[in-house]
$ cat final-v3.cif   # mmCIF, C-alpha atoms
data_upload
#
loop_
_atom_site.group_PDB
_atom_site.id
_atom_site.type_symbol
_atom_site.label_atom_id
_atom_site.label_comp_id
_atom_site.auth_asym_id
_atom_site.auth_seq_id
_atom_site.Cartn_x
_atom_site.Cartn_y
_atom_site.Cartn_z
ATOM 1 C CA MET G 222 8.078 -7.347 -26.232
ATOM 2 C CA ASN G 223 5.711 -4.476 -25.537
ATOM 3 C CA THR G 224 4.873 -2.752 -22.239
ATOM 4 C CA GLN G 225 2.176 -5.201 -21.185
ATOM 5 C CA GLN G 226 4.339 -8.206 -21.995
ATOM 6 C CA ILE G 227 7.175 -6.804 -19.866
ATOM 7 C CA ILE G 228 4.709 -6.166 -17.029
ATOM 8 C CA SER G 229 3.266 -9.685 -17.339
ATOM 9 C CA LEU G 230 6.678 -11.386 -17.321
ATOM 10 C CA ALA G 231 7.885 -9.332 -14.355
ATOM 11 C CA SER G 232 4.633 -10.003 -12.477
ATOM 12 C CA ASN G 233 5.133 -13.744 -12.898
ATOM 13 C CA TYR G 234 8.646 -13.457 -11.492
ATOM 14 C CA LEU G 235 7.460 -11.340 -8.551
ATOM 15 C CA ASN G 236 4.735 -13.866 -7.765
ATOM 16 C CA GLY G 237 7.508 -16.449 -7.544
ATOM 17 C CA LEU G 238 8.861 -14.648 -4.461
ATOM 18 C CA ARG G 239 6.222 -16.257 -2.212
ATOM 19 C CA GLY G 240 8.083 -18.004 0.574
ATOM 20 C CA HIS G 241 11.363 -16.261 -0.304
ATOM 21 C CA GLU G 242 13.575 -15.104 2.563
ATOM 22 C CA PHE G 243 15.505 -11.868 2.020
ATOM 23 C CA ASP G 244 18.999 -12.038 3.457
ATOM 24 C CA VAL G 245 19.050 -8.317 4.260
ATOM 25 C CA LEU G 246 18.918 -8.426 8.064
ATOM 26 C CA GLU G 247 18.124 -10.879 10.835
ATOM 27 C CA VAL G 248 16.462 -10.334 14.210
ATOM 28 C CA SER G 249 17.973 -12.527 16.918
ATOM 29 C CA LYS G 250 15.850 -15.017 18.835
ATOM 30 C CA PRO G 251 14.665 -13.571 22.175
ATOM 31 C CA VAL G 252 16.489 -14.948 25.201
ATOM 32 C CA SER G 253 13.340 -15.352 27.319
ATOM 33 C CA PRO G 254 9.530 -15.317 27.088
ATOM 34 C CA ASP G 255 9.425 -11.806 28.571
ATOM 35 C CA ALA G 256 11.900 -10.585 25.961
ATOM 36 C CA ALA G 257 9.782 -12.268 23.289
ATOM 37 C CA VAL G 258 6.662 -10.443 24.490
ATOM 38 C CA ASN G 259 8.510 -7.133 24.376
ATOM 39 C CA LEU G 260 9.869 -7.909 20.905
ATOM 40 C CA ALA G 261 6.398 -8.864 19.661
ATOM 41 C CA LYS G 262 5.166 -5.398 20.602
ATOM 42 C CA ILE G 263 7.895 -3.496 18.739
ATOM 43 C CA VAL G 264 8.866 -5.704 15.798
ATOM 44 C CA SER G 265 6.476 -3.759 13.552
ATOM 45 C CA LYS G 266 8.830 -0.765 13.889
ATOM 46 C CA LEU G 267 11.138 -2.608 11.507
ATOM 47 C CA SER G 268 8.531 -2.302 8.776
ATOM 48 C CA PRO G 269 9.741 0.966 7.134
ATOM 49 C CA LEU G 270 13.347 -0.245 7.033
ATOM 50 C CA VAL G 271 12.552 -3.747 5.808
ATOM 51 C CA GLY G 272 10.029 -2.334 3.348
ATOM 52 C CA ASN G 273 12.714 -0.201 1.719
ATOM 53 C CA LEU G 274 15.152 -3.115 1.663
ATOM 54 C CA ILE G 275 12.524 -5.300 -0.012
ATOM 55 C CA GLU G 276 11.903 -2.586 -2.607
ATOM 56 C CA PHE G 277 15.633 -2.350 -3.401
ATOM 57 C CA ASN G 278 16.070 -6.099 -3.520
ATOM 58 C CA SER G 279 12.988 -6.634 -5.700
ATOM 59 C CA CYS G 280 14.594 -4.462 -8.372
ATOM 60 C CA GLU G 281 17.822 -6.480 -8.184
ATOM 61 C CA TYR G 282 15.803 -9.699 -8.232
ATOM 62 C CA LEU G 283 14.077 -8.728 -11.493
ATOM 63 C CA ASN G 284 17.422 -7.903 -13.094
ATOM 64 C CA ASP G 285 18.609 -11.416 -12.267
ATOM 65 C CA GLN G 286 15.743 -13.016 -14.212
ATOM 66 C CA ASP G 287 15.768 -14.112 -17.861
ATOM 67 C CA GLY G 288 13.978 -12.341 -20.681
ATOM 68 C CA PHE G 289 14.782 -8.673 -20.062
ATOM 69 C CA GLU G 290 18.463 -8.291 -20.877
ATOM 70 C CA GLU G 291 18.091 -7.641 -24.632
ATOM 71 C CA LEU G 292 15.570 -4.834 -24.111
ATOM 72 C CA GLY G 293 16.856 -3.016 -21.049
ATOM 73 C CA HIS G 294 17.100 -3.342 -17.287
ATOM 74 C CA TRP G 295 15.152 -2.512 -14.136
ATOM 75 C CA VAL G 296 16.116 0.688 -12.336
ATOM 76 C CA ARG G 297 15.221 1.797 -8.819
ATOM 77 C CA GLN G 298 13.922 5.392 -8.622
ATOM 78 C CA ASP G 299 14.543 7.096 -5.302
ATOM 79 C CA PRO G 300 12.848 9.479 -5.114
ATOM 80 C CA GLY G 301 10.403 9.122 -7.944
ATOM 81 C CA PHE G 302 7.274 7.327 -9.054
ATOM 82 C CA PRO G 303 7.030 4.437 -9.588
ATOM 83 C CA ASP G 304 9.692 2.811 -7.403
ATOM 84 C CA THR G 305 11.050 0.616 -10.188
ATOM 85 C CA ILE G 306 10.990 1.239 -13.941
ATOM 86 C CA PHE G 307 12.209 -0.701 -16.948
ATOM 87 C CA ALA G 308 14.810 1.467 -18.667
ATOM 88 C CA GLY G 309 15.192 0.368 -22.249
ATOM 89 C CA ASN G 310 13.569 0.280 -25.667
ATOM 90 C CA VAL G 311 9.982 -0.256 -24.532
ATOM 91 C CA PHE G 312 7.458 2.597 -24.521
ATOM 92 C CA PRO G 313 5.503 3.627 -22.596
ATOM 93 C CA THR G 314 7.965 2.776 -19.844
ATOM 94 C CA PRO G 315 6.793 -0.184 -17.709
ATOM 95 C CA GLY G 316 7.093 0.203 -13.965
ATOM 96 C CA PHE G 317 6.122 -1.124 -10.562
ATOM 97 C CA GLU G 318 5.234 0.733 -7.400
ATOM 98 C CA ILE G 319 6.312 -1.733 -4.706
ATOM 99 C CA LYS G 320 4.495 -1.668 -1.377
ATOM 100 C CA ALA G 321 5.701 -3.814 1.525
ATOM 101 C CA TRP G 322 3.075 -4.767 4.121
ATOM 102 C CA PHE G 323 3.712 -6.070 7.637
ATOM 103 C CA PRO G 324 0.400 -7.846 8.403
ATOM 104 C CA LEU G 325 0.830 -7.798 12.187
ATOM 105 C CA ALA G 326 0.324 -4.026 12.020
ATOM 106 C CA THR G 327 -3.132 -2.557 12.494
ATOM 107 C CA GLU G 328 -3.755 -1.965 8.781
ATOM 108 C CA ILE G 329 -2.123 -1.513 5.408
ATOM 109 C CA THR G 330 -0.728 1.976 5.942
ATOM 110 C CA ALA G 331 0.720 2.411 2.437
ATOM 111 C CA ARG G 332 -0.949 5.180 0.445
ATOM 112 C CA PHE G 333 -1.662 5.469 -3.249
ATOM 113 C CA LYS G 334 -2.314 9.090 -4.190
ATOM 114 C CA ASP G 335 -1.190 9.381 -7.809
ATOM 115 C CA SER G 336 -3.690 10.762 -10.302
ATOM 116 C CA GLN G 337 -5.545 8.530 -12.747
ATOM 117 C CA ASP G 338 -3.942 10.574 -15.508
ATOM 118 C CA HIS G 339 -0.573 9.048 -14.636
ATOM 119 C CA PHE G 340 -1.840 5.619 -15.740
ATOM 120 C CA ALA G 341 -3.412 6.510 -19.058
ATOM 121 C CA SER G 342 -1.382 3.836 -20.853
ATOM 122 C CA ASP G 343 -1.737 1.247 -18.045
ATOM 123 C CA GLN G 344 2.059 1.125 -17.871
ATOM 124 C CA THR G 345 2.435 1.119 -14.072
ATOM 125 C CA TYR G 346 1.401 -1.689 -11.745
ATOM 126 C CA VAL G 347 1.412 -2.040 -7.976
ATOM 127 C CA ALA G 348 3.174 -4.998 -6.351
ATOM 128 C CA MET G 349 2.228 -5.458 -2.696
ATOM 129 C CA LEU G 350 4.436 -7.873 -0.759
ATOM 130 C CA ALA G 351 3.281 -9.119 2.645
ATOM 131 C CA TRP G 352 6.230 -10.090 4.846
ATOM 132 C CA LEU G 353 6.960 -11.361 8.343
ATOM 133 C CA PRO G 354 10.110 -12.499 10.121
ATOM 134 C CA GLU G 355 10.602 -16.188 9.315
ATOM 135 C CA ASN G 356 9.839 -17.058 12.953
ATOM 136 C CA LEU G 357 6.999 -14.564 13.362
ATOM 137 C CA ILE G 358 8.942 -12.090 15.517
ATOM 138 C CA PHE G 359 12.577 -13.036 14.822
ATOM 139 C CA GLY G 360 14.733 -14.266 11.956
ATOM 140 C CA LYS G 361 15.042 -13.028 8.368
ATOM 141 C CA PRO G 362 12.212 -11.257 6.481
ATOM 142 C CA LYS G 363 10.080 -13.797 4.638
ATOM 143 C CA ILE G 364 7.604 -13.037 1.841
ATOM 144 C CA ILE G 365 4.223 -14.470 2.816
ATOM 145 C CA ASP G 366 2.185 -13.489 -0.227
ATOM 146 C CA ILE G 367 2.164 -11.094 -3.182
ATOM 147 C CA MET G 368 -0.477 -9.180 -5.091
ATOM 148 C CA VAL G 369 0.092 -7.422 -8.417
ATOM 149 C CA ALA G 370 -2.628 -5.096 -9.709
ATOM 150 C CA SER G 371 -3.008 -2.334 -12.265
ATOM 151 C CA GLY G 372 -2.244 1.118 -10.896
ATOM 152 C CA ALA G 373 -5.024 2.483 -13.087
ATOM 153 C CA SER G 374 -7.587 0.206 -11.454
ATOM 154 C CA ILE G 375 -6.401 1.163 -7.951
ATOM 155 C CA SER G 376 -6.536 4.906 -8.629
ATOM 156 C CA MET G 377 -10.026 4.584 -10.119
ATOM 157 C CA ALA G 378 -11.234 2.500 -7.168
ATOM 158 C CA ARG G 379 -9.814 5.102 -4.780
ATOM 159 C CA ASP G 380 -11.489 8.047 -6.478
ATOM 160 C CA ASN G 381 -14.837 6.280 -6.856
ATOM 161 C CA HIS G 382 -14.713 5.205 -3.207
ATOM 162 C CA TYR G 383 -13.906 8.609 -1.730
ATOM 163 C CA HIS G 384 -15.413 11.173 -4.092
ATOM 164 C CA SER G 385 -18.912 12.195 -3.009
ATOM 165 C CA PRO G 386 -19.547 15.922 -3.497
ATOM 166 C CA PRO G 387 -20.272 18.044 -1.625
ATOM 167 C CA ASP G 388 -19.442 15.878 1.404
ATOM 168 C CA TYR G 389 -16.062 14.643 0.143
ATOM 169 C CA LEU G 390 -13.949 15.924 -2.737
ATOM 170 C CA VAL G 391 -10.985 14.375 -4.528
ATOM 171 C CA LEU G 392 -8.875 17.077 -6.166
ATOM 172 C CA GLU G 393 -6.252 16.693 -8.873
ATOM 173 C CA PRO G 394 -2.891 18.473 -8.527
ATOM 174 C CA GLY G 395 -3.430 20.473 -11.708
ATOM 175 C CA ASP G 396 -0.901 20.993 -14.496
ATOM 176 C CA THR G 397 2.571 21.374 -12.972
ATOM 177 C CA SER G 398 4.544 20.388 -16.079
ATOM 178 C CA ASP G 399 6.150 23.855 -16.306
ATOM 179 C CA ARG G 400 7.820 23.385 -12.918
ATOM 180 C CA THR G 401 11.221 21.818 -12.389
ATOM 181 C CA SER G 402 11.045 18.039 -11.907
ATOM 182 C CA ASN G 403 11.390 18.208 -8.105
ATOM 183 C CA LEU G 404 8.349 20.516 -7.891
ATOM 184 C CA GLN G 405 6.037 18.652 -10.262
ATOM 185 C CA GLN G 406 2.998 17.077 -8.621
ATOM 186 C CA THR G 407 1.027 13.953 -9.537
ATOM 187 C CA ASN G 408 -0.742 13.353 -6.220
ATOM 188 C CA THR G 409 -4.440 13.822 -5.598
ATOM 189 C CA ASN G 410 -5.798 14.936 -2.224
ATOM 190 C CA GLY G 411 -9.035 14.380 -0.329
ATOM 191 C CA TYR G 412 -11.112 17.095 1.352
ATOM 192 C CA LYS G 413 -13.910 16.580 3.879
ATOM 193 C CA PHE G 414 -16.788 19.063 4.286
ATOM 194 C CA GLN G 415 -16.627 20.946 7.608
ATOM 195 C CA GLY G 416 -19.483 23.428 7.348
ATOM 196 C CA THR G 417 -22.849 23.712 9.083
ATOM 197 C CA SER G 418 -26.037 21.894 8.048
ATOM 198 C CA ALA G 419 -27.266 25.070 6.386
ATOM 199 C CA GLU G 420 -24.012 25.430 4.450
ATOM 200 C CA PHE G 421 -24.176 21.784 3.408
ATOM 201 C CA ALA G 422 -27.672 22.309 2.008
ATOM 202 C CA GLN G 423 -26.367 25.258 -0.050
ATOM 203 C CA ALA G 424 -23.431 23.182 -1.281
ATOM 204 C CA GLN G 425 -25.827 20.360 -2.176
ATOM 205 C CA GLN G 426 -27.915 22.725 -4.290
ATOM 206 C CA LEU G 427 -24.786 23.856 -6.103
ATOM 207 C CA VAL G 428 -23.770 20.265 -6.891
ATOM 208 C CA ASP G 429 -27.326 19.439 -8.005
ATOM 209 C CA SER G 430 -27.106 22.291 -10.505
ATOM 210 C CA TRP G 431 -24.222 20.484 -12.238
ATOM 211 C CA GLY G 432 -26.541 17.722 -13.449
ATOM 212 C CA GLU G 433 -26.091 13.941 -13.288
ATOM 213 C CA ASP G 434 -22.406 14.101 -14.182
ATOM 214 C CA GLY G 435 -21.694 16.415 -11.267
ATOM 215 C CA ARG G 436 -21.108 13.546 -8.864
ATOM 216 C CA ARG G 437 -19.201 11.334 -11.302
ATOM 217 C CA TYR G 438 -15.474 11.768 -10.835
ATOM 218 C CA SER G 439 -13.464 13.192 -13.701
ATOM 219 C CA THR G 440 -9.860 14.375 -13.911
ATOM 220 C CA SER G 441 -10.778 17.084 -16.427
ATOM 221 C CA ALA G 442 -9.819 20.706 -15.724
ATOM 222 C CA GLU G 443 -13.422 21.767 -16.351
ATOM 223 C CA TYR G 444 -14.788 19.435 -13.669
ATOM 224 C CA HIS G 445 -12.156 20.557 -11.190
ATOM 225 C CA ARG G 446 -13.062 24.179 -11.742
ATOM 226 C CA LEU G 447 -16.516 23.208 -10.472
ATOM 227 C CA LEU G 448 -15.063 21.410 -7.461
ATOM 228 C CA ARG G 449 -12.903 24.374 -6.569
ATOM 229 C CA THR G 450 -15.988 26.588 -6.375
ATOM 230 C CA LEU G 451 -17.019 24.410 -3.436
ATOM 231 C CA ILE G 452 -13.592 24.759 -1.796
ATOM 232 C CA GLU G 453 -13.734 28.529 -2.246
ATOM 233 C CA ARG G 454 -17.263 28.977 -0.860
ATOM 234 C CA PHE G 455 -17.428 26.421 1.945
ATOM 235 C CA PRO G 456 -15.115 25.125 4.692
ATOM 236 C CA TYR G 457 -13.256 21.883 3.964
ATOM 237 C CA ARG G 458 -10.347 20.170 5.723
ATOM 238 C CA LEU G 459 -7.536 18.194 4.146
ATOM 239 C CA ASP G 460 -8.009 14.495 4.986
ATOM 240 C CA THR G 461 -4.666 13.172 6.224
ATOM 241 C CA ASN G 462 -5.903 9.564 5.997
ATOM 242 C CA PHE G 463 -6.847 9.880 2.341
ATOM 243 C CA ALA G 464 -5.748 7.103 -0.051
ATOM 244 C CA LYS G 465 -4.664 4.490 2.486
ATOM 245 C CA MET G 466 -4.774 1.286 0.469
ATOM 246 C CA ASP G 467 -6.564 -0.528 3.287
ATOM 247 C CA ARG G 468 -9.564 1.757 2.842
ATOM 248 C CA ILE G 469 -10.190 2.126 -0.881
ATOM 249 C CA ALA G 470 -12.251 -1.065 -1.343
ATOM 250 C CA HIS G 471 -10.265 -2.375 -4.323
ATOM 251 C CA PRO G 472 -11.375 -5.996 -4.899
ATOM 252 C CA ASP G 473 -7.864 -7.381 -5.504
ATOM 253 C CA ILE G 474 -6.544 -5.723 -2.353
ATOM 254 C CA GLU G 475 -9.472 -7.015 -0.298
ATOM 255 C CA ARG G 476 -8.923 -10.574 -1.573
ATOM 256 C CA PHE G 477 -5.204 -10.244 -0.855
ATOM 257 C CA LYS G 478 -5.854 -9.115 2.714
ATOM 258 C CA SER G 479 -8.252 -12.007 3.329
ATOM 259 C CA ARG G 480 -5.773 -14.498 1.883
ATOM 260 C CA VAL G 481 -2.888 -13.201 4.015
ATOM 261 C CA TYR G 482 -4.908 -13.055 7.232
ATOM 262 C CA GLY G 483 -6.139 -16.588 6.558
ATOM 263 C CA THR G 484 -2.612 -17.982 6.022
ATOM 264 C CA THR G 485 -1.450 -20.337 8.780
ATOM 265 C CA PHE G 486 1.914 -19.300 10.166
ATOM 266 C CA HIS G 487 3.507 -20.997 13.180
ATOM 267 C CA GLY G 488 0.363 -22.659 14.459
ATOM 268 C CA LYS G 489 -2.139 -19.833 13.996
ATOM 269 C CA THR G 490 -3.504 -17.845 11.112
ATOM 270 C CA ILE G 491 -1.832 -14.472 10.634
ATOM 271 C CA GLY G 492 -5.182 -12.875 11.439
ATOM 272 C CA GLU G 493 -5.218 -14.710 14.782
ATOM 273 C CA TRP G 494 -1.675 -13.569 15.552
ATOM 274 C CA ASN G 495 -2.656 -10.018 14.618
ATOM 275 C CA ARG G 496 -5.621 -10.044 17.010
ATOM 276 C CA LEU G 497 -3.621 -11.670 19.807
ATOM 277 C CA LEU G 498 -0.713 -9.234 19.633
ATOM 278 C CA SER G 499 -2.953 -6.172 19.250
ATOM 279 C CA LYS G 500 -4.832 -7.001 22.487
ATOM 280 C CA GLY G 501 -1.667 -6.545 24.522
ATOM 281 C CA ASP G 502 -2.450 -9.461 26.867
ATOM 282 C CA ASN G 503 1.093 -10.325 27.986
ATOM 283 C CA TRP G 504 0.160 -13.687 29.508
ATOM 284 C CA ALA G 505 -1.744 -14.877 26.434
ATOM 285 C CA ILE G 506 1.072 -13.700 24.161
ATOM 286 C CA LYS G 507 3.682 -15.448 26.301
ATOM 287 C CA VAL G 508 1.734 -18.723 26.270
ATOM 288 C CA ALA G 509 1.296 -18.594 22.484
ATOM 289 C CA LEU G 510 4.959 -17.799 21.835
ATOM 290 C CA GLU G 511 6.101 -20.586 24.143
ATOM 291 C CA GLN G 512 3.782 -23.116 22.534
ATOM 292 C CA GLU G 513 4.384 -22.195 18.904
ATOM 293 C CA LEU G 514 7.965 -20.886 18.904
ATOM 294 C CA GLY G 515 9.436 -22.794 21.842
ATOM 295 C CA ILE G 516 10.678 -19.679 23.598
ATOM 296 C CA ILE G 517 11.024 -20.777 27.243
ATOM 297 C CA GLU G 518 13.303 -19.877 30.108
ATOM 298 C CA GLU G 519 16.234 -22.227 30.597
ATOM 299 C CA GLY G 520 15.440 -24.987 33.093
ATOM 300 C CA ARG G 521 11.668 -24.427 32.997
ATOM 301 C CA THR G 522 8.932 -26.377 31.247
ATOM 302 C CA PRO G 523 6.491 -24.525 28.932
ATOM 303 C CA VAL G 524 3.354 -22.991 30.443
ATOM 304 C CA GLU G 525 0.141 -24.908 29.921
#
$ encode --input "final-v3.cif" --output "structure tokens"
Amino acid sequence: MNTQQIISLASNYLNGLRGHEFDVLEVSKPVSPDAAVNLAKIVSKLSPLVGNLIEFNSCEYLNDQDGFEELGHWVRQDPGFPDTIFAGNVFPTPGFEIKAWFPLATEITARFKDSQDHFASDQTYVAMLAWLPENLIFGKPKIIDIMVASGASISMARDNHYHSPPDYLVLEPGDTSDRTSNLQQTNTNGYKFQGTSAEFAQAQQLVDSWGEDGRRYSTSAEYHRLLRTLIERFPYRLDTNFAKMDRIAHPDIERFKSRVYGTTFHGKTIGEWNRLLSKGDNWAIKVALEQELGIIEEGRTPVE
């Protein structure tokens, strides 16, 4: 098998995780409606921990599947990009960057900052796994849905979405191959213009002088020399929200979000649960949890 065949087979296996419960931890059922309301407000704090556990277990899951053993095995990289690679006799090396998403949070907070140049051979894909506790706020982590998409397509969508000189610049890390491995950089960064209207007009004239290709993103060193003239002459700030996957307008990610939010889970769509819990209305949350999860105080009938 070649790289794309390995990626395709692994993607099919990962898609088979829909509905799977990971036996990595379990949140106990709240003892009362008030405890349930409090848990509903903080359960999202489990997301980083569960996300890492899902990443580890996804690698082990792939190694348990048929079809890979004669060519190699899946290895978790920590740290390193991507999260999971196929170590064996297949080149370029296939890999997955695994992103866990807790859809009761405000947005998909995972970032994707790696340069387009990293995906020249389309060897790395992104697997996004949406998860919730099996009983919405308690129980074992359950995979709700999965999306697998080309890392190359995501990085291109990101750069095309953000890059708009002189107002917004996406900058490559430059060549860091001479550095030791722990100091090598593959991440891009976003910079937002912070100058006056007069300075913006000057910057606009400079970009106009580059011709039609001046606004079309390129990873080339020559194009980035032009971009750095803007950074050197005008004030810009580093955008700390750059590359959040919820904001890059990638069509597969947008369809995935819509599908997850539209999934019915314990009597409501996940989007409805998200809106209810984010409002912070304790009474409405308590009523919903009593009706859908049966969390009531001992000796009392459910609220109506």
$ resolve_selection --input "final-v3.cif" --expression "the PyMOL selection byres ((chain G and resi 381) around 12)" --output "ChimeraX atom specification"
/G:337,374-380,382-386,389-391,411,436-440,464,468-471
$ closest_residue --input "final-v3.cif" --among "G:Gly432, G:Pro387, G:Pro394, G:Pro324" --to "Asn495 of chain G" --atoms "all atoms listed in the file"
G:Pro324
$ residues_around --input "final-v3.cif" --residues "segment 310-319 of chain G" --least-positions-apart "2" --cutoff "7 Å" --atoms "all atoms listed in the file" --output "list in words"
Asn223, Thr224, Ile227, Ile228, Glu276, Leu292, Gly293, Pro303, Asp304, Thr305, Ile306, Phe307, Ala321, Gln344, Thr345, Tyr346, Val347, Ala348 and Met349 of chain G
$ resolve_selection --input "final-v3.cif" --expression "the PyMOL selection byres ((chain G and resi 414-430) around 9)" --output "ChimeraX atom specification"
/G:386-390,412-413,431-433,435-436,447-448,451-452,454-458
$ resolve_selection --input "final-v3.cif" --expression "the PyMOL selection byres ((chain G and resi 350-362) around 7)" --output "VMD selection string"
chain G and resid 242 to 244 246 to 250 260 to 261 264 320 to 324 348 to 349 363 to 368
$ atom_distance --input "final-v3.cif" --atom1 "atom CA of Ser265 of chain G" --atom2 "atom CA of Gly501 of chain G"
13.9 Å
$ atom_distance --input "final-v3.cif" --atom1 "atom CA of Asp335 of chain G" --atom2 "atom CA of Thr409 of chain G"
5.9 Å
$ closest_residue --input "final-v3.cif" --among "G:Thr450, G:Leu325, G:Arg480, G:Asn408" --to "Phe463 of chain G" --atoms "all atoms listed in the file"
G:Asn408
$ atom_distance --input "final-v3.cif" --atom1 "atom CA of Asn236 of chain G" --atom2 "atom CA of Arg496 of chain G"
27.1 Å
$ closest_residue --input "final-v3.cif" --among "G:Gln298, G:Gln512, G:Asp343, G:Lys507" --to "Asn259 of chain G" --atoms "only C-alpha atoms"
G:Lys507
$ closest_residue --input "final-v3.cif" --among "G:Ser279, G:Val369, G:Val258, G:Leu235" --to "Phe477 of chain G" --atoms "all atoms listed in the file"
G:Val369
$ closest_residue --input "final-v3.cif" --among "G:Ile275, G:Ala231, G:Ala326, G:Val245" --to "Trp295 of chain G" --atoms "only C-alpha atoms"
G:Ala231
$ closest_residue --input "final-v3.cif" --among "G:Phe302, G:Phe277, G:Phe289, G:Trp494" --to "Gln226 of chain G" --atoms "only C-alpha atoms"
G:Phe289
$ build_atoms --input "final-v3.cif" --residues "segment 429-435 of chain G" --atoms "all heavy atoms" --output "CSV table (one decimal), keeping the file's coordinate frame"
chain,number,residue,atom,x,y,z
G,429,ASP,N,-26.2,19.9,-7.2
G,429,ASP,CA,-27.3,19.4,-8.0
G,429,ASP,C,-27.4,20.2,-9.3
G,429,ASP,O,-27.9,19.7,-10.3
G,429,ASP,CB,-28.6,19.6,-7.2
G,429,ASP,CG,-28.7,18.6,-6.0
G,429,ASP,OD1,-28.0,17.6,-6.0
G,429,ASP,OD2,-29.5,18.9,-5.1
G,430,SER,N,-27.0,21.5,-9.3
G,430,SER,CA,-27.1,22.3,-10.5
G,430,SER,C,-26.1,21.8,-11.6
G,430,SER,O,-26.3,22.2,-12.8
G,430,SER,CB,-26.8,23.8,-10.2
G,430,SER,OG,-25.5,24.0,-9.9
G,431,TRP,N,-25.2,21.0,-11.2
G,431,TRP,CA,-24.2,20.5,-12.2
G,431,TRP,C,-24.8,19.4,-13.1
G,431,TRP,O,-24.2,18.9,-14.1
G,431,TRP,CB,-23.0,20.0,-11.5
G,431,TRP,CG,-22.2,21.0,-10.8
G,431,TRP,CD1,-22.4,22.4,-10.8
G,431,TRP,CD2,-21.2,20.8,-9.8
G,431,TRP,NE1,-21.6,23.0,-9.9
G,431,TRP,CE2,-20.8,22.1,-9.3
G,431,TRP,CE3,-20.6,19.6,-9.3
G,431,TRP,CZ2,-19.8,22.2,-8.3
G,431,TRP,CZ3,-19.6,19.8,-8.3
G,431,TRP,CH2,-19.2,21.0,-7.8
G,432,GLY,N,-25.9,18.8,-12.7
G,432,GLY,CA,-26.5,17.7,-13.4
G,432,GLY,C,-26.0,16.4,-13.0
G,432,GLY,O,-25.3,16.3,-12.0
G,433,GLU,N,-26.4,15.3,-13.7
G,433,GLU,CA,-26.1,13.9,-13.3
G,433,GLU,C,-24.6,13.7,-13.3
G,433,GLU,O,-24.1,12.9,-12.5
G,433,GLU,CB,-26.8,12.9,-14.2
G,433,GLU,CG,-28.3,12.9,-14.1
G,433,GLU,CD,-28.9,11.8,-15.0
G,433,GLU,OE1,-28.1,11.0,-15.6
G,433,GLU,OE2,-30.1,11.7,-15.1
G,434,ASP,N,-23.9,14.3,-14.1
G,434,ASP,CA,-22.4,14.1,-14.2
G,434,ASP,C,-21.7,14.8,-13.1
G,434,ASP,O,-20.5,14.6,-12.9
G,434,ASP,CB,-21.8,14.6,-15.5
G,434,ASP,CG,-22.3,13.7,-16.7
G,434,ASP,OD1,-22.7,12.5,-16.4
G,434,ASP,OD2,-22.3,14.1,-17.8
G,435,GLY,N,-22.4,15.6,-12.3
G,435,GLY,CA,-21.7,16.4,-11.3
G,435,GLY,C,-21.1,15.6,-10.1
G,435,GLY,O,-20.2,16.0,-9.4
